[in-house]
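*Asks:* Before we start, here is the structure in question, set down as structure tokens.
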Number of protein chains: 2
Amino acid sequence: MARILSIAVTQMACSWDRDANIQRAAAMVEEAAGQGAQVVLLQELFETPYFCIDKNKAFLKEATTVAANPAIQAMRVLARKLNVVIPVSFFERDGDRHFNSLAMIDADGEILGVYRKSHIPDFPDYEEAFYFEPGDTGFMVFETKFARLGAAICWDQWFPEAARAMALKGAEVLLYPTAIGWPIEPTQSRFKNSKVHWQQVMQGHAGANIMILAASNRIGAEHGISGQTQFYGGSLIVDHIGTKAAEADEATSQIMVKSFDMDEIALYRKDWGIFRTRRPDLYAPLCLAE
Amino acid sequence: MARILSIAVTQMACSWDRDANIQRAAAMVEEAAGQGAQVVLLQELFETPYFCIDKNKAFLKEATTVAANPAIQAMRVLARKLNVVIPVSFFERDGDRHFNSLAMIDADGEILGVYRKSHIPDFPDYEEAFYFEPGDTGFMVFETKFARLGAAICWDQWFPEAARAMALKGAEVLLYPTAIGWPIEPTQSRFKNSKVHWQQVMQGHAGANIMILAASNRIGAEHGISGQTQFYGGSLIVDHIGTKAAEADEATSQIMVKSFDMDEIALYRKDWGIFRTRRPDLYAPLCLAE
């Protein structure tokens with residue numbers, strides 16, 4: 001019998017009502033599970049607005065330990081109840097250190113591990129370097145009930161190295177919770193097509209590693225003090241040859257579920273021969289500090 | 001004044017009449033230059049049919065040294081005459097060793113260097129491992145009159161590592177002469193969408209490295225003893241955000257020329273911040289022998 005994996009991406013707007021955000025996310029997980037999803041991807045840092053638009057020390061209080069995080073607690077209960085895997089993006093505090101992290105919750109509600117975002121954006125409207133240390137976990141793959149899931153976070157998705165590292169660690173799927181958008185007043189017209197760019201790069205990762213990929217992005221306008229962002233959704237599921245299997249619009253809450261024959265994809269990946277014709281002896285330039 | 005680069009991709013069918021193939025390629029270079037192209041990309045191994053469909057020692061006699069190669073000789077003259085850069089793919093003999101190589105001919109007719117294909121396919125209908133040693137040059141970038149050109153060859157184009165290595169060495173453009181197709185009798189239906197796959201992966205390289213990319217593929221049906229291949233063209237030019245700027249059809253000889261503002265792309269590449277937020281300390285898994 002073929003091994004079918006059913007995966008969901010979601011997107012929603014977030015407010016400063018943390019409980020309401022978690023409940024909205026929980027409702028989306030319930031609905032996705034009702035549609036047969038075994039893995040439900042929520043977007044990045046969905047417990048709050050994307051506070052990184054500003055640099056503001058007051059927001060550091062939003063960080064929690066893994067054990068104290070309310071979204072993780074809620075999703076653990078839900079994962080066990082619905083028999084679904086839920087990767088949860090959250091703002092992690094570990095002593096005096098802060099990270100942009102992801103807890104992988106297996107279908108029995110157990111936390112399989114925590115990944116800490118490796119690539120930290122440091123730009124106007126994405127002031128993550130003010131809040132988060134660069135992750136110290138390295139790229140991670142989680143052996144969940146239904147599939148081996150590679151999971152990274154937002155800006156990580158721009159780096160072919162991250163996708164490849166997860167693939168080499170045995171990932172069958174690449175997951176990216178995301179928060180990306182445009183300025184509401186588009187002063188930087190050079191980046192006016194960033195949504196297409198963002199999608200093409202991820203489609204490339206899926207094709208180059210011959211595995212499915214899913215990204216859940218935020219929607220809605222959010223206003224900081226120094227900037228404002230229109231998050232543009234476009235959450236998507238990409239198949240193993242890099243084509244879009246499902247794509248959400250830019251503005252509405254959505255849940256999309258797609259199923260894949262994982263045995264067929266594994267055979268394609270093996271037969272296409274990428275992984276047995278690599279030249280790691282020539283890749284040292286990628287690992288040099290600049 | 002903006003620095004504009006005008007680049008051409010071409011595609012054609014090849015026979016066992018070597019002189020005729022070179023003349024056809026030369027005519028395409030002339031026409032592309034007439035349309036303003038400063039760099040003209042020809043396809044992989046255009047001096048002969050794609051003999052790697054079979055394993056046949058008799059074809060080893062087609063290999064030449066750099067100095068003795070008739071295509072390189074012809075293109076050096078043409079490059080100087082037309083003031084165009086011409087990367088020339090050829091079957092290289094170096095003593096007892098054979099490589100799938102590319103000579104970069106600058107606009108003054110000088111050879112700037114020779115790249116030897118790093119990733120060697122080793123599959124039915126693509127029996128390159130029978131003929132070619134894995135390249136020993138590493139990935140190369142050539143400082144030509146009009147731009148810093150990264151050039152790799154066909155199967156190399158499936159590897160994000162190769163594209164990234166060229167980008168890190170200062171490439172502004174990624175070039176891939178190619179020979180890829182379908183079986184004429186498509187027994188391997190798993191790969192029936194390989195053209196889309198091939199294009200998506202390259203679009204990903206362009207987007208991930210924020211630089212233009214060009215690939216010239218072969219057309220025509222070629223019949224070996226053990227297999228047959230319908231080369232599917234689809235030669236393309238991709239812009240710096242990964243979208244297709246030009247795409248050829250599957251069956252006809254074509255020349256396509258596109259121009260890009262290299263200063264604008266360089267600014268986008270710098271401002272988008274990929275290269276200053278990399279984490280080479282975490283990329284060691286990519287360089288491990290498997």
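By convention in this document, the chains of the structure tokens carry letters A, B, ... by their order, each chain's residues are numbered from 1, and ligands are numbered from 1 in the order they are shown.
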Do a neighbour search on Ala246 of chain B at 8 Å with only C-alpha atoms, toss out local chain neighbours closer than 4 positions, and write the hits as number ranges by chain.

*Replies:* B: 236-238, 256, 258

*Asks:* So that I can see what lies close to Ala179 of chain A, please list as an NGL selection string the residues with an atom at most 6 Å from it, counting only C-alpha atoms and leaving out residues fewer than 5 positions away in the same chain.

*Replies:* :A and (44 or 217-218)

*Asks:* Generate the output file for the selected residues, all heavy atoms, as a short mmCIF file (atom, residue, chain, number, x, y, z; two decimals), in the first residue's frame.

*Replies:*
```
data_model
loop_
_atom_site.label_atom_id
_atom_site.label_comp_id
_atom_site.auth_asym_id
_atom_site.auth_seq_id
_atom_site.Cartn_x
_atom_site.Cartn_y
_atom_site.Cartn_z
N GLU A 44 4.61 31.72 11.19
CA GLU A 44 5.65 32.12 12.16
C GLU A 44 5.06 33.04 13.25
O GLU A 44 4.31 33.97 12.93
CB GLU A 44 6.76 32.87 11.40
CG GLU A 44 7.97 33.22 12.26
CD GLU A 44 9.01 34.03 11.48
OE1 GLU A 44 8.66 34.64 10.44
OE2 GLU A 44 10.18 34.07 11.92
N ASN A 217 2.31 31.55 5.51
CA ASN A 217 2.64 32.96 5.73
C ASN A 217 1.47 33.68 6.42
O ASN A 217 0.33 33.23 6.38
CB ASN A 217 2.96 33.64 4.40
CG ASN A 217 3.53 35.04 4.56
OD1 ASN A 217 4.07 35.37 5.60
ND2 ASN A 217 3.40 35.85 3.53
N ARG A 218 1.78 34.77 7.01
CA ARG A 218 0.84 35.65 7.68
C ARG A 218 0.06 36.49 6.65
O ARG A 218 0.53 36.70 5.54
CB ARG A 218 1.69 36.57 8.58
CG ARG A 218 1.03 37.51 9.51
CD ARG A 218 2.12 38.23 10.32
NE ARG A 218 2.69 37.36 11.34
CZ ARG A 218 2.48 37.51 12.65
NH1 ARG A 218 1.72 38.50 13.10
NH2 ARG A 218 3.02 36.69 13.53
#
```

*Asks:* Neighbours of Phe90 of chain A within 9 Å (only C-alpha atoms; same-chain residues fewer than 6 positions away dropped), as JSON, numbers by chain?

*Replies:* {"A": [44, 45, 46, 47, 63, 64, 66, 69, 71, 72, 99, 100, 101, 102, 103]}

*Asks:* Let's have the selection written as a PDB file, in the first residue's frame, with C-alpha atoms.

*Replies:*
```pdb
ATOM      1  CA  GLU A  44       5.645  32.121  12.163  1.00  0.00           C
ATOM      2  CA  LEU A  45       5.119  33.690  15.620  1.00  0.00           C
ATOM      3  CA  PHE A  46       1.329  33.519  15.384  1.00  0.00           C
ATOM      4  CA  GLU A  47       0.797  34.265  19.089  1.00  0.00           C
ATOM      5  CA  ALA A  63       9.184  35.337  25.096  1.00  0.00           C
ATOM      6  CA  THR A  64       8.621  32.141  27.077  1.00  0.00           C
ATOM      7  CA  VAL A  66       9.303  25.885  25.876  1.00  0.00           C
ATOM      8  CA  ASN A  69       4.543  28.612  26.078  1.00  0.00           C
ATOM      9  CA  ALA A  71       0.616  27.924  22.079  1.00  0.00           C
ATOM     10  CA  ILE A  72       2.750  24.831  22.534  1.00  0.00           C
ATOM     11  CA  PHE A  99      15.520  32.724  19.980  1.00  0.00           C
ATOM     12  CA  ASN A 100      13.033  32.510  17.129  1.00  0.00           C
ATOM     13  CA  SER A 101      12.190  28.850  17.604  1.00  0.00           C
ATOM     14  CA  LEU A 102      10.001  25.985  16.501  1.00  0.00           C
ATOM     15  CA  ALA A 103       8.780  23.083  18.637  1.00  0.00           C
TER      16      ALA A 103
END
```

*Asks:* Based on only C-alpha atoms, which of the residues in chain B come within 7 Å of chain A? I want them as a ChimeraX atom specification.

*Replies:* /B:119-121,138,158-161,165,190,197,200-201,203-205,207-208,241-242,268,277-289

*Asks:* List the neighbours of Gly150 of chain A out to 6 Å using only C-alpha atoms; skip same-chain residues closer than 5 positions along the sequence, and give me the result as a ChimeraX atom specification.

*Replies:* /A:140-141,166,171,173-174
